[in-house]
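Notes follow once the structure below has been shown.
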Amino acid sequence: MKTQTSTRQSGAALIAALIVLVILTSVAASVFMSSVPAYRGTYQASAWAEAKLAADAGVDFAMSELQKCAPNPRAFNWAGWTLPASAGGGSVPQDYDGERLYVAPDTTLVQGGDGSTKPRILEVRVDVMTRDDNFARNAWYRIRSTGVADVPNAQLSLDKRDLTLRKMTLQKKQITRTVEVISRPVYLWEYALKTNGSMVLGGGTDWRIDSYDSRYATTSVNGIYAGSIARDFGNIASNRALPEGTLFGILIDAEGAIVRGEVQTRGGDNPDTTVHENVEESQNIDQSRITDEFYEDLTEEPDPSWYVEDSGPTGRVDQTGDRTTTTIRSGTGLYGQYDYEPYRVVIDWNGGQAMGGFEVVNDTASYDPTTGAFTPGSDRFVEIWIDGDVDLGGSQIKVQKNVHVKIYLNGNLNFRNRDINYISAEADRPRYSMRPADLLIFGKLDAGSTPAPKVDSSGNGHIVAAFYGPQYAGNLDGNTEIMGSFVLNTYNIAGGGGSGGDSLGAGFHYDEALGVVGPVKSYRSVSYFEDTRFDFE
Amino acid sequence: MKTNCCKQAGFTLLETLTAAFITTVVLASAGAGAIALQKSFMGNRAYMKGNADNNRLIDYVTRDIRNATKIGKRVGTATTPLKVATDSFDISQTDQLSLAVPDFYQSNVPDNSFQSAYKTSYFSRSRLGSGQTYFPYNDVVKVEGIKRVPNYPASIEVRYLKKARSGADATLCYFREEYEGTTLRRSDEIADRAADERVQIRVINTEQFQISSSFASRWTGEAAREGTRQFSTVSIQNFRTDK
């Protein structure tokens with residue numbers, strides 16, 4: 001009896017144990033069936049995000065290469081990049097428009113990715129999409145970068161809709177994402193006025209900053225500014241920073257000036273208030289165009305490649321002169337025919353005295369003063385190195401038609417109240433440029449010079465030029481009318497506010513044509529697009 | 001003895017009742033446990049589905065906003081640009097998110113539907129003319145004010161909305177639709193059973209937007225919605241033409 005009872009009890013325990021085992025196994029299986037696809041989905045989403053970061057890293061790599069190619073992209077050597085096999089492979093020729101390829105080492109991205117997704121840059125391709133509509137024809141580059149990340153296994157997650165979005169190639173257990181960025185050249189004079197430090201604008205009721213475009217008949221009168229058709233792109237900006245510990249405060253003193261354009265500072269505006277603390281006396285400025293997110297690294301432009309400051313010219317010089325020189329030639333030959341192969345002029349320092357005014361002539365033009373017959377010459381490009389100050393007391397600077405001048409000024413500049421690249425006599429105007437893009441002046445004095453580098457003006461003169469000297473203090477006083485653009489260390493005006501020399505209007509009139517002239521300062525992304533064309537395998 | 005023996009082999013009434021009671025309690029407990037477990041599994045599945053849907057919805061919208069040149073709220077046939085910092089709305093059938101995305105690629109024949117053949121870029125190098133090494137400036141560049149931006153050949157309108165799956169199926173789903181002009185080129189159902197899901201678009205400034213998504217499953221209810229909320233902040237990477 002005991003034995004029988006004992007046997008019966010053992011059988012019940014076994015059955016109970018089996019039932020419990022089946023229940024627990026079912027529970028465990030349900031848990032895994034629920035959680036594993038979710039787990040998979042999480043890692044696939046993570047890999048999708050990591051692949052984009054890798055693609056963006058490839059874009060960053062290409063952008064850093066483009067920054068190196070300034071100021072002369074044509075001469076850039078694409079070290080480390082190759083032509084694709086379809087173009088024969090090998091190194092990239094200078095000034096090449098086709099595709100070039102960079103394959104990053106697997107170790108480029110040191111971060112292993114969440115869940116061992118191992119993000120990496122698959123390849124980066126760069127080609128020239130178009131070229132600027134200017135003399136230099138600088139390239140707009142297209143960057144296509146593909147990033148890749150691994151997914152843990154070849155099975156789908158919870159929902160097939162994830163596959164439509166994330167376009168995983170599950171057979172290869174990876175996700176690729178391709179980003180396309182278009183990058184354009186940035187030039188030195190894309191604003192009316194920029195400073196590294198303080199900026200004090202002109203007071204009075206007439207002093208203004210606005211814009212025109214000398215290229216078009218609807219936005220200028222024979223290429224000259226006219227107040228009646230002025231435009232709203234006289235943008236100004238300052239890099240000046242507030243003292244450490246101060247978040248909000250004045251960075252530009254507008255003095256009630258009319259500014260028809262963006263006004264930008266480096267911080268200083270309290271977002272919780274409606275007023276703009278960063279700009280004082282801004283009542284004549286569109287308040288919606290005052291912002292505080294500007295910063296730009298304004299550095300001195302390098303010397304022209306043909307001139308080394310300490311040892312003098314290292315190459316061909318087509319004309320030499322001194323402070324008494326009043327005529328600068330542009331030549332008629334090959335040199336001077338192209339922007340990248342200019343006619344080269346050196347004006348030497350002479351006894352510490354300043355150089356006066358001068359006229360840059362177009363040697364390919366003809367003019368008969370007796371009959372007034374004038375034949376404009378062809379385009380000529382002239383680069384001038386002036387080793388000393390320029391002071392225009394009693395004289396002016398004239399640039400003849402179709403001559404495009406760059407002046408590298410290793411000294412201070414005083415325009416006084418003279419006309420610069422501006423002709424008052426109507427009859428003479430057809431023979432002269434009167435376009436700021438034809439007179440580009442680069443200040444070359446060192447920032448640490450004593451006294452500090454400066455550019456001055458006074459009275460009722462007209463200045464039709466662009467000046468780049470982020471180390472120069474600008475004191476463009478009086479009722480000077482500036483048609484062009486200035487980049488300075490500081491800007492101040494005293495006595496401004498009148499109607500100007502011949503009623504064009506005192507102040508800055510930015511020529512929008514300057515947006516595409518001069519050397520390339522950097523490259524900037526202007527379009528971002530993720531290429532999602534490729535459906536999964 | 002036999003009779004006695006048979007009597008001993010049976011159960012007393014008390015024993016039977018006790019056994020029945022215990023069995024009932026055990027079975028009831030097991031049943032209740034199984035039902036609770038089942039509910040838990042269902043709740044868990046619903047949570048994971050909601051979470052995955054949230055994730056997918058946010059990823060879709062952020063990807064498209066990043067590529068966009070216009071962003072607005074579409075009600076009826078009118079689209080209002082989203083640019084005031086306090087603007088926000090939930091995507092629904094009537095309040096739709098409308099984005100203009102540059103159309104970089106030529107349409108396929110017959111359409112751009114899913115898994116159709118690869119599309120060709122308007123600016124593919126294979127489309128350069130004879131002797132050309134780059135595209136003409138005016139084809140590629142457009143001037144907005146004085147900003148030089150790409151001159152996209154065309155744009156596609158992408159709409160996000162919540163609506164019934166079809167006339168015959170009233171299940172509420174989120175859809176992503178692509179329009180070329182007024183022609184619907186593509187429609188993707190990107191999340192289903194979306195009655196309790198919410199996708200909210202909020203303006204931070206004219207270039208930045210916050211997208212949040214949340215859900216309240218019937219297992220967890222509205223009380224747990226906040227715990228399911230996901231956020232993403234995204235910037236428009238292109239020049240915005242509608243600000």
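Note on naming: chains are A, B, ... as they come in the structure tokens, residues start from 1 per chain, ligands start from 1 in the order shown.
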
For this session: Identify every residue of chain A that has at least one atom within 7 Å of any atom of chain B, counting only C-alpha atoms, and report the result as a VMD selection string.
Result: chain A and resid 34 38 97 to 98 128 to 133 161 to 162 233 512 526 to 530 533 to 535

Residues from the last selection, C-alpha atoms, saved as a PDB file, in the first residue's frame:
ATOM      1  CA  SER A  34       7.729  40.687 -27.906  1.00  0.00           C
ATOM      2  CA  ALA A  38      11.670  45.931 -30.324  1.00  0.00           C
ATOM      3  CA  ASP A  97      35.771  70.372 -62.803  1.00  0.00           C
ATOM      4  CA  GLY A  98      34.967  66.673 -62.761  1.00  0.00           C
ATOM      5  CA  VAL A 128      32.194  71.513 -59.758  1.00  0.00           C
ATOM      6  CA  MET A 129      28.505  72.168 -60.217  1.00  0.00           C
ATOM      7  CA  THR A 130      28.860  75.631 -61.686  1.00  0.00           C
ATOM      8  CA  ARG A 131      31.188  78.614 -61.675  1.00  0.00           C
ATOM      9  CA  ASP A 132      30.569  82.166 -60.549  1.00  0.00           C
ATOM     10  CA  ASP A 133      29.461  84.679 -63.111  1.00  0.00           C
ATOM     11  CA  ARG A 161       7.303  50.634 -42.352  1.00  0.00           C
ATOM     12  CA  ASP A 162      10.703  51.079 -40.733  1.00  0.00           C
ATOM     13  CA  PHE A 233      20.518  95.348 -48.688  1.00  0.00           C
ATOM     14  CA  GLU A 512      25.584  94.478 -54.583  1.00  0.00           C
ATOM     15  CA  VAL A 526      24.056  76.824 -49.234  1.00  0.00           C
ATOM     16  CA  SER A 527      22.099  73.638 -49.788  1.00  0.00           C
ATOM     17  CA  TYR A 528      21.663  70.425 -47.839  1.00  0.00           C
ATOM     18  CA  PHE A 529      19.807  67.440 -49.138  1.00  0.00           C
ATOM     19  CA  GLU A 530      19.591  63.796 -48.219  1.00  0.00           C
ATOM     20  CA  ARG A 533      16.265  57.760 -54.016  1.00  0.00           C
ATOM     21  CA  PHE A 534      17.610  54.306 -53.566  1.00  0.00           C
ATOM     22  CA  ASP A 535      14.999  51.791 -52.550  1.00  0.00           C
TER      23      ASP A 535
END

Problem set entry | 12 Å contact set for Glu99 in chain A, only C-alpha atoms, chain neighbours under 2 positions out, as a PyMOL selection string | (chain A and resi 78+81-89+91-93+95-97+101-102+124-129+141-144) or (chain B and resi 124-126+133-134)

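Of the residues under consideration (A:Arg100, A:Lys167, A:Arg215, A:Arg40), A:Arg40 shows the shortest atom-to-atom contact distance to Ala154 in chain A when counting only C-alpha atoms.
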
For this session: Can you pull out every residue within 6 Å of Asp456 in chain A, counting only C-alpha atoms, but drop anything in the same chain fewer than 5 positions away, and send it as number ranges by chain?
Result: A: 414, 474-476

For this session: Just the residues within 9 Å of Gln287 in chain A, please, counting only C-alpha atoms, with nothing from its chain fewer than 4 positions along; format it as a list in words.
Result: Val275, His276, Ser282, Gln283 and Thr291 of chain A

For those residues, write N, CA and C atoms to a file as an mmCIF file, in the first residue's frame.
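Output (part-v5.cif):
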data_model
loop_
_atom_site.group_PDB
_atom_site.id
_atom_site.type_symbol
_atom_site.label_atom_id
_atom_site.label_comp_id
_atom_site.auth_asym_id
_atom_site.auth_seq_id
_atom_site.Cartn_x
_atom_site.Cartn_y
_atom_site.Cartn_z
ATOM 1 N N VAL A 275 12.864 95.208 -27.051
ATOM 2 C CA VAL A 275 13.853 96.154 -27.565
ATOM 3 C C VAL A 275 15.145 95.408 -27.889
ATOM 4 N N HIS A 276 15.977 96.042 -28.722
ATOM 5 C CA HIS A 276 17.263 95.437 -29.079
ATOM 6 C C HIS A 276 18.359 96.163 -28.323
ATOM 7 N N SER A 282 18.336 102.925 -32.443
ATOM 8 C CA SER A 282 18.007 102.169 -33.661
ATOM 9 C C SER A 282 16.629 102.532 -34.193
ATOM 10 N N GLN A 283 16.135 103.704 -33.865
ATOM 11 C CA GLN A 283 14.758 104.044 -34.227
ATOM 12 C C GLN A 283 14.531 104.119 -35.740
ATOM 13 N N THR A 291 19.662 91.516 -35.438
ATOM 14 C CA THR A 291 19.902 90.194 -34.850
ATOM 15 C C THR A 291 21.249 90.197 -34.124
#

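Proximity to Phe215 in chain B at 8 Å, evaluated using only C-alpha atoms and with sequence-adjacent residues fewer than 6 positions away removed, yields Gly50, Asn54, Asp196, Glu197, Arg198, Arg225, Thr228 and Arg229 of chain B.
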
How would the residues just chosen look if you wrote them out with C-alpha atoms as an mmCIF file, in the first residue's frame?
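Contents of the output file again-v6.cif:
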data_model
loop_
_atom_site.group_PDB
_atom_site.id
_atom_site.type_symbol
_atom_site.label_atom_id
_atom_site.label_comp_id
_atom_site.auth_asym_id
_atom_site.auth_seq_id
_atom_site.Cartn_x
_atom_site.Cartn_y
_atom_site.Cartn_z
ATOM 1 C CA GLY B 50 3.637 53.148 -29.915
ATOM 2 C CA ASN B 54 6.738 57.675 -32.361
ATOM 3 C CA ASP B 196 -4.310 57.811 -29.584
ATOM 4 C CA GLU B 197 -1.051 59.077 -31.107
ATOM 5 C CA ARG B 198 -0.169 62.753 -31.294
ATOM 6 C CA ARG B 225 0.989 59.818 -22.126
ATOM 7 C CA THR B 228 5.778 58.161 -23.769
ATOM 8 C CA ARG B 229 6.702 61.566 -25.213
#
